[in-house]
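A quick write-up on the structure given underneath.
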Amino acid sequence: MWGHKTVGADNSRDPENFTALGKDARIKGVAHLEGTVRMDCCFEGEIYSKGVLIVGPHAVIKGTIHATCLINSGRIKGTLTATEKVQLLKPGTLIGDVHAPCFSMEEGAHIQGQVNMGVNPWTDESSDAASVPDLASRRKMQITHSTD
């Protein structure tokens, strides 16, 4: 588990490449992870995960997370960036911003922050609003003309 070994290119789907960090572990620093990793520990720092990162209900993470896929049912305070998706499950709590093309949140989970799914800012390039008639004014004019 602690040694280096050469693995294939798509090791994130390999059932033998599964790592669990228990709730008694306390880690501070930078972590580079591959495959499926479940964290139920306290972690402070930066996480770089190539694969699925599962944050269990006992986990408390403070810092920055970059992952392929993140599934959270613990407590995270920081910025999340995922290349595929972020799932926030009950009783998960997230305080921070999310950058991912896909985001889902289960009822009972909580978030405080912004979710950016890659949409370009909406700019008012045309004045289409000026061509929309003011229905209240038009109705008032119709009532005035019909009583004359």
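Residue names in the structure tokens use chain letters A, B, ... in the order shown, residue numbers from 1 in each chain, and ligand numbers from 1 in the order shown.
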Long-range neighbours of A:Arg75 as a ChimeraX atom specification, 9 Å cut-off, only C-alpha atoms, 6 positions minimum in chain: /A:55-62,91-95
Let me see the file: selected residues, all heavy atoms, as a CSV table (one decimal), in the first residue's frame.
chain,number,residue,atom,x,y,z
A,55,VAL,N,-15.5,11.3,0.3
A,55,VAL,CA,-15.3,12.0,1.6
A,55,VAL,C,-16.4,11.4,2.5
A,55,VAL,O,-17.6,11.7,2.3
A,55,VAL,CB,-15.3,13.5,1.5
A,55,VAL,CG1,-15.2,14.1,2.8
A,55,VAL,CG2,-14.2,14.0,0.5
A,56,GLY,N,-16.1,10.6,3.4
A,56,GLY,CA,-17.0,9.9,4.3
A,56,GLY,C,-17.6,10.9,5.3
A,56,GLY,O,-17.2,12.0,5.5
A,57,PRO,N,-18.7,10.4,6.0
A,57,PRO,CA,-19.4,11.3,7.0
A,57,PRO,C,-18.6,11.7,8.2
A,57,PRO,O,-19.0,12.7,8.8
A,57,PRO,CB,-20.6,10.4,7.4
A,57,PRO,CG,-20.3,9.0,7.0
A,57,PRO,CD,-19.3,9.1,5.9
A,58,HIS,N,-17.5,11.0,8.5
A,58,HIS,CA,-16.7,11.4,9.6
A,58,HIS,C,-15.5,12.3,9.2
A,58,HIS,O,-14.8,12.9,10.1
A,58,HIS,CB,-16.1,10.1,10.3
A,58,HIS,CG,-17.1,9.2,10.8
A,58,HIS,ND1,-17.8,9.4,11.9
A,58,HIS,CD2,-17.5,8.0,10.3
A,58,HIS,CE1,-18.7,8.4,12.1
A,58,HIS,NE2,-18.5,7.6,11.1
A,59,ALA,N,-15.4,12.6,7.9
A,59,ALA,CA,-14.2,13.4,7.4
A,59,ALA,C,-14.5,14.9,7.7
A,59,ALA,O,-15.6,15.4,7.6
A,59,ALA,CB,-14.0,13.1,6.0
A,60,VAL,N,-13.4,15.6,8.0
A,60,VAL,CA,-13.3,17.0,8.0
A,60,VAL,C,-12.1,17.5,7.2
A,60,VAL,O,-11.0,17.1,7.5
A,60,VAL,CB,-13.2,17.5,9.5
A,60,VAL,CG1,-13.1,19.0,9.5
A,60,VAL,CG2,-14.3,17.1,10.4
A,61,ILE,N,-12.4,18.2,6.1
A,61,ILE,CA,-11.3,18.6,5.2
A,61,ILE,C,-11.3,20.1,5.1
A,61,ILE,O,-12.4,20.7,4.8
A,61,ILE,CB,-11.5,17.9,3.8
A,61,ILE,CG1,-11.4,16.4,4.0
A,61,ILE,CG2,-10.4,18.4,2.8
A,61,ILE,CD1,-11.6,15.6,2.7
A,62,LYS,N,-10.2,20.7,5.2
A,62,LYS,CA,-10.0,22.1,5.1
A,62,LYS,C,-8.9,22.3,4.0
A,62,LYS,O,-7.8,21.8,4.2
A,62,LYS,CB,-9.6,22.8,6.4
A,62,LYS,CG,-10.6,22.8,7.4
A,62,LYS,CD,-10.2,23.4,8.7
A,62,LYS,CE,-11.2,23.3,9.8
A,62,LYS,NZ,-10.8,23.9,11.0
A,91,PRO,N,-25.2,13.5,5.0
A,91,PRO,CA,-25.3,14.8,5.7
A,91,PRO,C,-24.2,15.7,5.4
A,91,PRO,O,-23.8,16.5,6.2
A,91,PRO,CB,-25.3,14.4,7.2
A,91,PRO,CG,-24.2,13.3,7.2
A,91,PRO,CD,-24.5,12.5,5.9
A,92,GLY,N,-23.7,15.7,4.2
A,92,GLY,CA,-22.5,16.5,3.8
A,92,GLY,C,-22.7,18.0,3.9
A,92,GLY,O,-23.8,18.5,3.7
A,93,THR,N,-21.6,18.6,4.2
A,93,THR,CA,-21.6,20.1,4.3
A,93,THR,C,-20.4,20.6,3.5
A,93,THR,O,-19.3,20.1,3.7
A,93,THR,CB,-21.5,20.6,5.8
A,93,THR,OG1,-22.7,20.0,6.5
A,93,THR,CG2,-21.5,22.1,5.9
A,94,LEU,N,-20.7,21.6,2.7
A,94,LEU,CA,-19.6,22.2,2.0
A,94,LEU,C,-19.6,23.7,2.1
A,94,LEU,O,-20.7,24.4,1.9
A,94,LEU,CB,-19.7,21.9,0.5
A,94,LEU,CG,-18.8,22.6,-0.5
A,94,LEU,CD1,-17.4,22.4,-0.2
A,94,LEU,CD2,-19.2,22.3,-1.9
A,95,ILE,N,-18.6,24.3,2.6
A,95,ILE,CA,-18.4,25.8,2.7
A,95,ILE,C,-17.3,26.1,1.8
A,95,ILE,O,-16.1,25.8,2.0
A,95,ILE,CB,-18.1,26.2,4.1
A,95,ILE,CG1,-19.3,25.8,5.1
A,95,ILE,CG2,-17.9,27.7,4.2
A,95,ILE,CD1,-19.0,26.1,6.5
Within 10 Å of A:Leu89 using only C-alpha atoms, minus same-chain residues under 5 positions, as an MDAnalysis selection string: chainID A and resid 55:57 71:74 104:110
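Between atom CA of A:Gly22 and atom CA of A:Cys41 the interatomic distance comes to 5.4 Å.
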Which neighbours of A:Gly78 fall inside 6 Å, counting only C-alpha atoms, when residues of the same chain fewer than 5 positions from it are skipped, and could you give them as a tab-separated table (two decimals) with all heavy atoms, in the first residue's frame?
chain	number	residue	atom	x	y	z
A	62	LYS	N	-10.16	20.68	5.25
A	62	LYS	CA	-9.98	22.11	5.05
A	62	LYS	C	-8.88	22.29	4.03
A	62	LYS	O	-7.76	21.82	4.23
A	62	LYS	CB	-9.58	22.80	6.36
A	62	LYS	CG	-10.64	22.76	7.43
A	62	LYS	CD	-10.17	23.42	8.69
A	62	LYS	CE	-11.20	23.31	9.79
A	62	LYS	NZ	-10.75	23.89	11.05
A	63	GLY	N	-9.21	22.95	2.92
A	63	GLY	CA	-8.18	23.19	1.91
A	63	GLY	C	-8.74	23.17	0.51
A	63	GLY	O	-9.92	23.40	0.28
A	64	THR	N	-7.88	22.85	-0.43
A	64	THR	CA	-8.21	22.84	-1.85
A	64	THR	C	-8.22	21.41	-2.35
A	64	THR	O	-7.31	20.64	-2.06
A	64	THR	CB	-7.16	23.65	-2.63
A	64	THR	OG1	-7.10	24.97	-2.07
A	64	THR	CG2	-7.51	23.75	-4.09
A	96	GLY	N	-17.64	26.69	0.62
A	96	GLY	CA	-16.63	27.04	-0.39
A	96	GLY	C	-17.22	26.97	-1.78
A	96	GLY	O	-18.41	26.72	-1.96
Those in stretch 15-135 of chain A with helix (DSSP H, G or I) from DSSP, as a PyMOL selection string: chain A and resi 128-131+135
Restricting the output to N, CA and C atoms, write the selected residues as a CSV table (one decimal), in the first residue's frame.
chain,number,residue,atom,x,y,z
A,128,ASP,N,-32.9,43.5,-27.1
A,128,ASP,CA,-34.2,42.8,-27.3
A,128,ASP,C,-35.2,43.3,-26.3
A,129,ALA,N,-34.8,43.7,-25.2
A,129,ALA,CA,-35.7,44.2,-24.1
A,129,ALA,C,-36.5,45.5,-24.6
A,130,ALA,N,-35.8,46.3,-25.4
A,130,ALA,CA,-36.4,47.5,-25.9
A,130,ALA,C,-37.6,47.2,-26.9
A,131,SER,N,-37.5,46.1,-27.6
A,131,SER,CA,-38.5,45.7,-28.6
A,131,SER,C,-39.7,45.0,-27.9
A,135,LEU,N,-46.9,46.0,-21.6
A,135,LEU,CA,-48.3,45.6,-21.7
A,135,LEU,C,-49.1,46.4,-20.7
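Atom pair atom CA of A:Met117 / atom CA of A:Cys102 has a distance of 6.4 Å (rounded to one decimal).
Our summary of the geometry notes that atom CA of A:Ile54 is positioned 19.1 Å from atom CA of A:Val115.
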